[in-house]
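J.: Below is the structure I would like to discuss, written out as structure tokens.
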Amino acid sequence: MTATRLLIGTAGLGIGVYGLLVLLTDNPWIILVRIAVWAGAGVVIHDFVFAPVCAALGFVGGRLIPRSWRAAVGVAALCSIVLGLLAIPVYDRPGAHLDNPTVLDRNYHHGLWVALAVVWVGAIAYLAATALAGLLRRAAPGDDQRRSTSTDADSSESDSIRRLAAVPTDPDPVGGDDAQPHSPSRSGMVTHAEQVDEPPGPETDH
Amino acid sequence: MNKAASTLRGTAVTARVGVALGVLITVCFVTGLISHFIQHPQPWFIWPAHPVWLYRLTQGLHVACGIAVIPLLVVKLWSVWPKLFERPIIGGPVRQLERASILVLVASMLFQVSTGLLNIAQWYYFQFFFTTSHYAMAYVAYGAVAVHVAVKLPVVRGALGEPVDPPSVPSVGPSRRSVLWGTAAATVLATLVTAGQAVPLLRPLSVLAPRSGRGPQDVPVNRSAIAAGVIASAQSPDYRLTVTNGDRSVSYTVEDLHRMRQQTRTLPMSCVEGWSVSAEWTGIVLADLVAAVGGSASSDVRMISLEPPGPYSRTIIPARHARDADTLIALRLNGQPLDLDHGYPCRLIAPTRPGVLQTKWLTRIEVVAQ
């Protein structure tokens with residue numbers, strides 16, 4: 001592995017230095033300054049504006065938003081950020097040319113807002129579906145014969161049973177956000193829909 | 001810092017998103033170099049004329065992967081951002097070297113992604129030339145990625161061998177796994193809302209694509225006849241297309257060209273900016289025009305536009321493409337005479353070449369002496 005790392009590192013250093021030399025030989029110093037400023041501005045804007053704002057929003061969201069909603073809201077927020085970034089160069093069509101109507105020829109205002117609406121409606125629909133699934137499970141206690149642990153009181157879905165049978169007491173670290181409704185709860189009696197206001201676990205104390 | 005967020009951050013997320021980024025950046029680097037060397041031919045670089053959609057694929061991938069990098073980069077930087085404030089802030093020489101290499105990596109990556117994204121929307125807000133700086137910075141960025149991989153390889157391997165989430169992860173709420181799923185979702189979304197400019201099936205979904213794929217005769221335009229300053233010369237009754245080989249020369253009027261043997265080919269118009277459309281072109285096989293002046297099939301051919309001298313008013317088409325039976329001097333597009341913006345009276349259309357090299361408003365074709 002050391003040899004591989006040395007090879008990759010040396011090759012990378014060579015490629016990077018070559019790029020710097022191309023930059024330095026192809027451009028007068030004033031252009032180099034502009035390039036450096038652009039590259040540096042990207043880092044500064046990310047590290048000291050974009051990232052802190054995201055962290056602050058996450059911090060506030062972590063207090064205002066019920067725990068069971070956070071994954072869906074977080075994914076929707078990430079999608080919204082990405083849509084926003086992609087919209088920057090097209091939204092107000094700053095690169096449009098009067099002589100060429102085929103560049104930037106969509107209605108980007110409409111497009112961005114529709115895309116954002118789809119993302120958030122999708123997130124809400126996901127939350128509603130998982131809540132409904134939780135309610136249904138409570139209303140119809142399922143096939144008990146395959147239950148493998150006493151802590152599992154919320155699931156009759158075959159895939160969760162299969163997984164619970166395989167890992168009887170593990171809170172299913174590989175279940176993902178879609179597995180939340182199936183995971184055994186600490187109280188042993190409540191479903192995920194009721195855990196909204198439950199005090200956070202030991203890992204999540206503020 | 002919120003502890004819930006800090007348990008979501010972690011090497012498990014960073015390493016997996018990093019691997020995906022590494023793959024996409026490699027595709028961008030390789031396809032970018034291909035596009036560069038097509039435009040700046042080197043003796044060792046052999047670019048085939050077939051399959052005709054090859055450049056459409058490589059350049060479409062270049063732009064699509066560059067866009068897909070954006071959500072991954074956002075999440076990757078999010079996952080390591082607190083390290084920025086780790087003590088010691090300055091530290092010893094090794095620490096400084098590591099920080100400097102990360103600075104180069106992040107700065108060059110943000111440079112590549114931001115200039116690329118602005119370029120496909122033709123928004124030249126930055127005051128430097130896009131192509132040369134994007135090309136040179138690609139080496140800096142890719143070199144920095146390689147150095148970073150070399151430094152982090154044991155950490156990455158370790159992280160990939162361990163479960164994504166710690167066993168103590170709460171049963172409800174976000175987990176690292178949900179972060180990874182969310183990142184994948186955002187990456188798919190970024191692709192869907194833009195890739196329609198190269199993938200016709202996705203057009204209705206690509207609400208943020210700089211091109212809808214529409215245009216005169218169903219083909220978008222990059223350089224208009226007005227911008228090229230050819231409105232009068234292209235429609236002049238004195239227009240001639242002159243084909244030369246050394247001191248042999250033949251001049252054709254538009255009527256002469258239409259009277260010659262016409263061929264129809266379905267070839268994509270693929271722009272360096274990532275958009276592409278397939279179209280039906282009708283015209284004269286270039287090799288026939290070259291043969292008419294006794295040109296050799298192993299000669300490169302120079303295309304000269306009516307457009308006043310500029311970076312793309314004349315191009316050289318290598319012999320491999322010049323002799324290919326799919327390379328046309330097109331007079332018609334999708335069943336109609338070429339629109340003025342598409343190069344009326346005639347233009348070059350060759351397979352596997354970027355649109356910027358498909359010279360429009362041709363006035364002169366020269367067989368280049370070997």
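Ordering of the structure tokens sets the chain letters (A, B, ...), residue numbers begin anew at 1 in every chain, and ligands are numbered from 1 in the order given.
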Skipping near chain neighbours, those fewer than 6 positions away, what residues fall within 12 Å of Ala12 (chain B) using only C-alpha atoms, listed as a PDB file with N, CA, C and O atoms, in the first residue's frame?

T.:
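The result, written out as out.pdb:
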```pdb
ATOM      1  N   GLY B  18     -16.349  10.818  -1.027  1.00  0.00           N
ATOM      2  CA  GLY B  18     -15.060  11.057  -1.678  1.00  0.00           C
ATOM      3  C   GLY B  18     -14.789  10.087  -2.810  1.00  0.00           C
ATOM      4  O   GLY B  18     -14.289  10.485  -3.868  1.00  0.00           O
ATOM      5  N   VAL B  19     -15.139   8.834  -2.613  1.00  0.00           N
ATOM      6  CA  VAL B  19     -14.931   7.842  -3.678  1.00  0.00           C
ATOM      7  C   VAL B  19     -15.776   8.212  -4.901  1.00  0.00           C
ATOM      8  O   VAL B  19     -15.294   8.198  -6.045  1.00  0.00           O
ATOM      9  N   LYS B  76     -19.398  16.713   0.845  1.00  0.00           N
ATOM     10  CA  LYS B  76     -18.037  16.369   1.273  1.00  0.00           C
ATOM     11  C   LYS B  76     -17.449  17.487   2.124  1.00  0.00           C
ATOM     12  O   LYS B  76     -16.866  17.237   3.187  1.00  0.00           O
ATOM     13  N   SER B  79     -19.024  17.581   5.456  1.00  0.00           N
ATOM     14  CA  SER B  79     -18.625  16.507   6.367  1.00  0.00           C
ATOM     15  C   SER B  79     -17.286  16.776   7.036  1.00  0.00           C
ATOM     16  O   SER B  79     -16.994  16.184   8.075  1.00  0.00           O
ATOM     17  N   VAL B  80     -16.463  17.643   6.459  1.00  0.00           N
ATOM     18  CA  VAL B  80     -15.141  17.890   7.055  1.00  0.00           C
ATOM     19  C   VAL B  80     -14.964  19.323   7.545  1.00  0.00           C
ATOM     20  O   VAL B  80     -13.910  19.668   8.085  1.00  0.00           O
ATOM     21  N   VAL B 155      -7.033   5.818   5.533  1.00  0.00           N
ATOM     22  CA  VAL B 155      -8.251   6.260   6.231  1.00  0.00           C
ATOM     23  C   VAL B 155      -9.481   5.831   5.443  1.00  0.00           C
ATOM     24  O   VAL B 155     -10.467   5.336   6.005  1.00  0.00           O
ATOM     25  N   VAL B 156      -9.415   6.008   4.109  1.00  0.00           N
ATOM     26  CA  VAL B 156     -10.548   5.651   3.257  1.00  0.00           C
ATOM     27  C   VAL B 156     -10.807   4.145   3.344  1.00  0.00           C
ATOM     28  O   VAL B 156     -11.946   3.708   3.538  1.00  0.00           O
ATOM     29  N   ARG B 157      -9.738   3.365   3.236  1.00  0.00           N
ATOM     30  CA  ARG B 157      -9.911   1.908   3.289  1.00  0.00           C
ATOM     31  C   ARG B 157     -10.481   1.476   4.629  1.00  0.00           C
ATOM     32  O   ARG B 157     -11.353   0.604   4.687  1.00  0.00           O
ATOM     33  N   GLY B 158      -9.989   2.102   5.688  1.00  0.00           N
ATOM     34  CA  GLY B 158     -10.514   1.784   7.014  1.00  0.00           C
ATOM     35  C   GLY B 158     -11.993   2.108   7.113  1.00  0.00           C
ATOM     36  O   GLY B 158     -12.805   1.299   7.589  1.00  0.00           O
ATOM     37  N   ALA B 159     -12.360   3.297   6.620  1.00  0.00           N
ATOM     38  CA  ALA B 159     -13.743   3.748   6.744  1.00  0.00           C
ATOM     39  C   ALA B 159     -14.689   2.879   5.927  1.00  0.00           C
ATOM     40  O   ALA B 159     -15.806   2.584   6.346  1.00  0.00           O
ATOM     41  N   LEU B 160     -14.233   2.447   4.745  1.00  0.00           N
ATOM     42  CA  LEU B 160     -15.100   1.634   3.891  1.00  0.00           C
ATOM     43  C   LEU B 160     -15.313   0.242   4.472  1.00  0.00           C
ATOM     44  O   LEU B 160     -16.300  -0.425   4.152  1.00  0.00           O
ATOM     45  N   GLY B 161     -14.395  -0.181   5.345  1.00  0.00           N
ATOM     46  CA  GLY B 161     -14.525  -1.501   5.938  1.00  0.00           C
ATOM     47  C   GLY B 161     -15.384  -1.530   7.192  1.00  0.00           C
ATOM     48  O   GLY B 161     -15.632  -2.603   7.753  1.00  0.00           O
ATOM     49  N   GLU B 162     -15.816  -0.363   7.629  1.00  0.00           N
ATOM     50  CA  GLU B 162     -16.608  -0.301   8.861  1.00  0.00           C
ATOM     51  C   GLU B 162     -18.047   0.065   8.545  1.00  0.00           C
ATOM     52  O   GLU B 162     -18.339   0.621   7.499  1.00  0.00           O
ATOM     53  N   PRO B 163     -18.972  -0.248   9.490  1.00  0.00           N
ATOM     54  CA  PRO B 163     -20.370   0.121   9.253  1.00  0.00           C
ATOM     55  C   PRO B 163     -20.517   1.639   9.121  1.00  0.00           C
ATOM     56  O   PRO B 163     -19.738   2.396   9.714  1.00  0.00           O
ATOM     57  N   VAL B 164     -21.523   2.043   8.330  1.00  0.00           N
ATOM     58  CA  VAL B 164     -21.718   3.474   8.082  1.00  0.00           C
ATOM     59  C   VAL B 164     -22.067   4.187   9.380  1.00  0.00           C
ATOM     60  O   VAL B 164     -21.502   5.231   9.703  1.00  0.00           O
ATOM     61  N   ASP B 165     -23.011   3.625  10.121  1.00  0.00           N
ATOM     62  CA  ASP B 165     -23.458   4.282  11.344  1.00  0.00           C
ATOM     63  C   ASP B 165     -22.927   3.534  12.560  1.00  0.00           C
ATOM     64  O   ASP B 165     -22.825   2.309  12.547  1.00  0.00           O
ATOM     65  N   PRO B 166     -22.598   4.267  13.626  1.00  0.00           N
ATOM     66  CA  PRO B 166     -22.199   3.589  14.866  1.00  0.00           C
ATOM     67  C   PRO B 166     -23.393   2.833  15.431  1.00  0.00           C
ATOM     68  O   PRO B 166     -24.541   3.209  15.179  1.00  0.00           O
ATOM     69  N   SER B 175     -29.538   9.600  10.029  1.00  0.00           N
ATOM     70  CA  SER B 175     -28.355   8.793  10.271  1.00  0.00           C
ATOM     71  C   SER B 175     -27.365   9.101   9.152  1.00  0.00           C
ATOM     72  O   SER B 175     -27.695   9.794   8.195  1.00  0.00           O
ATOM     73  N   ARG B 176     -26.155   8.580   9.296  1.00  0.00           N
ATOM     74  CA  ARG B 176     -25.189   8.771   8.206  1.00  0.00           C
ATOM     75  C   ARG B 176     -25.706   8.127   6.929  1.00  0.00           C
ATOM     76  O   ARG B 176     -25.474   8.613   5.831  1.00  0.00           O
ATOM     77  N   ARG B 177     -26.399   7.008   7.110  1.00  0.00           N
ATOM     78  CA  ARG B 177     -26.946   6.343   5.933  1.00  0.00           C
ATOM     79  C   ARG B 177     -27.965   7.255   5.245  1.00  0.00           C
ATOM     80  O   ARG B 177     -28.001   7.326   4.013  1.00  0.00           O
ATOM     81  N   VAL B 179     -27.865  10.433   5.288  1.00  0.00           N
ATOM     82  CA  VAL B 179     -27.070  11.479   4.625  1.00  0.00           C
ATOM     83  C   VAL B 179     -26.605  10.980   3.257  1.00  0.00           C
ATOM     84  O   VAL B 179     -26.706  11.694   2.250  1.00  0.00           O
ATOM     85  N   LEU B 180     -26.144   9.734   3.213  1.00  0.00           N
ATOM     86  CA  LEU B 180     -25.649   9.189   1.933  1.00  0.00           C
ATOM     87  C   LEU B 180     -26.787   9.042   0.921  1.00  0.00           C
ATOM     88  O   LEU B 180     -26.637   9.382  -0.258  1.00  0.00           O
TER      89      LEU B 180
END
```

J.: Need the shell around region 242-259 of chain B: protein/DNA/RNA residues with any atom at most 8 Å away, counting only C-alpha atoms. Skip same-chain ones fewer than 2 positions apart. Format as an NGL selection string?

T.: :B and (239-240 or 261-262 or 283-284 or 289-290 or 293-295 or 331 or 345 or 363-369)

J.: Neighbouring residues of region 185-187 of chain B were defined as those with any atom within 12 Å, considering only C-alpha atoms; residues of the same chain fewer than 5 positions away were excluded. Please report them as an MDAnalysis selection string.

T.: (chainID A and resid 72 74:86 115:116 119 122:123) or (chainID B and resid 17 20:21 24 64:75 178:180 192:195)

J.: Quick one: residues within 10 Å of Tyr18 (chain A), only C-alpha atoms counted, chain neighbours fewer than 4 positions away excluded, as a PyMOL selection string?

T.: (chain A and resi 12-14+22-24) or (chain B and resi 136-137+139-140+143)

J.: Keeping only N, CA and C atoms, write the selected residues to a file as a PDB file, in the first residue's frame.

T.:
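After the write, again-v1.pdb holds the following:
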```pdb
ATOM      1  N   GLY A  12       0.408  12.701  -8.648  1.00  0.00           N
ATOM      2  CA  GLY A  12      -0.445  13.857  -8.381  1.00  0.00           C
ATOM      3  C   GLY A  12       0.357  15.139  -8.280  1.00  0.00           C
ATOM      4  N   LEU A  13       1.487  15.042  -7.596  1.00  0.00           N
ATOM      5  CA  LEU A  13       2.347  16.219  -7.447  1.00  0.00           C
ATOM      6  C   LEU A  13       2.827  16.687  -8.821  1.00  0.00           C
ATOM      7  N   GLY A  14       3.223  15.712  -9.649  1.00  0.00           N
ATOM      8  CA  GLY A  14       3.704  16.053 -10.993  1.00  0.00           C
ATOM      9  C   GLY A  14       2.625  16.715 -11.827  1.00  0.00           C
ATOM     10  N   VAL A  22       1.587  25.494 -16.534  1.00  0.00           N
ATOM     11  CA  VAL A  22       0.769  25.911 -17.674  1.00  0.00           C
ATOM     12  C   VAL A  22       0.080  27.242 -17.355  1.00  0.00           C
ATOM     13  N   LEU A  23      -0.477  27.321 -16.144  1.00  0.00           N
ATOM     14  CA  LEU A  23      -1.135  28.563 -15.726  1.00  0.00           C
ATOM     15  C   LEU A  23      -0.147  29.735 -15.789  1.00  0.00           C
ATOM     16  N   LEU A  24       1.047  29.526 -15.220  1.00  0.00           N
ATOM     17  CA  LEU A  24       2.018  30.608 -15.106  1.00  0.00           C
ATOM     18  C   LEU A  24       2.561  31.036 -16.462  1.00  0.00           C
TER      19      LEU A  24
ATOM     20  N   ALA B 136      -5.801  24.524 -17.614  1.00  0.00           N
ATOM     21  CA  ALA B 136      -4.619  24.468 -16.736  1.00  0.00           C
ATOM     22  C   ALA B 136      -5.020  24.074 -15.314  1.00  0.00           C
ATOM     23  N   MET B 137      -6.129  24.660 -14.840  1.00  0.00           N
ATOM     24  CA  MET B 137      -6.552  24.382 -13.464  1.00  0.00           C
ATOM     25  C   MET B 137      -6.998  22.924 -13.308  1.00  0.00           C
ATOM     26  N   TYR B 139      -5.411  20.329 -14.317  1.00  0.00           N
ATOM     27  CA  TYR B 139      -4.233  19.576 -13.858  1.00  0.00           C
ATOM     28  C   TYR B 139      -3.984  19.849 -12.381  1.00  0.00           C
ATOM     29  N   VAL B 140      -4.122  21.116 -11.999  1.00  0.00           N
ATOM     30  CA  VAL B 140      -3.901  21.459 -10.590  1.00  0.00           C
ATOM     31  C   VAL B 140      -4.904  20.691  -9.721  1.00  0.00           C
ATOM     32  N   GLY B 143      -4.282  16.865  -9.878  1.00  0.00           N
ATOM     33  CA  GLY B 143      -3.078  16.556  -9.112  1.00  0.00           C
ATOM     34  C   GLY B 143      -3.346  16.627  -7.615  1.00  0.00           C
TER      35      GLY B 143
END
```

J.: Quick one: DSSP strand (DSSP E or B) residues in region 29-249 of chain B, as number ranges by chain?

T.: B: 241-245, 248-249

J.: Could you write those residues out with C-alpha atoms, as a PDB file, in the first residue's frame?

T.:
```pdb
ATOM      1  CA  LEU B 241     -16.996  28.472 -52.249  1.00  0.00           C
ATOM      2  CA  THR B 242     -13.402  28.040 -53.381  1.00  0.00           C
ATOM      3  CA  VAL B 243     -11.635  24.704 -52.987  1.00  0.00           C
ATOM      4  CA  THR B 244      -7.863  24.714 -53.460  1.00  0.00           C
ATOM      5  CA  ASN B 245      -5.036  22.218 -53.562  1.00  0.00           C
ATOM      6  CA  ARG B 248      -5.297  24.032 -58.364  1.00  0.00           C
ATOM      7  CA  SER B 249      -8.502  25.769 -57.444  1.00  0.00           C
TER       8      SER B 249
END
```

J.: Between B:Leu54, B:Leu362, B:Ala279, B:Ala107, which one has atoms that come closest to Tyr142 (chain B), using only C-alpha atoms?

T.: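 Once distances to Tyr142 (chain B) are computed over only C-alpha atoms, the minimum belongs to B:Ala107.
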
J.: Figure out the distance between CA of Ile46 (chain B) and CA of Gly9 (chain A), please, to one decimal in Å.

T.: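 So the answer is 28.6 Å.
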
J.: Which residue, A:Phe48, A:Gly19, A:Ile124, A:Trp113, has the smallest gap to chain B when you use only C-alpha atoms?

T.: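 Among the listed residues, A:Gly19 lies closest to chain B.
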
J.: Pick out the residues sitting within 12 Å of Ile349 (chain B), and hand them over as number ranges by chain; count only C-alpha atoms, and ignore anything fewer than 4 positions along from it in its own chain.

T.: B: 49, 52, 264-270, 278-286, 303, 317, 321-322, 324-333, 338, 342-343, 353-362

J.: Enter the distance from CA of Trp120 (chain A) to CA of Thr191 (chain B), in Å, rounded to one decimal.

T.: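 Going from CA of Trp120 (chain A) over to CA of Thr191 (chain B) covers 18.0 Å.
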
J.: Between A:Ile8, A:Leu57, A:Leu132, A:Ile45, which one has atoms that come closest to chain B, using only C-alpha atoms?

T.: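 Ranking A:Ile8, A:Leu57, A:Leu132, A:Ile45 by distance to chain B, first place goes to A:Ile8.
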
J.: Do you know which residues are at most 10 Å from Trp81 (chain B) counting only C-alpha atoms, after dropping those on the same chain fewer than 5 positions away, and could you put them as a VMD selection string?

T.: (chain A and resid 46 to 47 51 to 52 55) or (chain B and resid 9 75 to 76 86)

J.: To one decimal in Å, tell me the separation between CA of Leu118 (chain B) and CA of Ala100 (chain B).

T.: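 For CA of Leu118 (chain B) relative to CA of Ala100 (chain B), the distance reads 26.6 Å.
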
J.: Out of B:Ala190, B:Ile38, B:Ala297, B:Ile102, which residue has the shortest atom-to-atom distance to Val151 (chain B) when counting only C-alpha atoms?

T.: B:Ile102
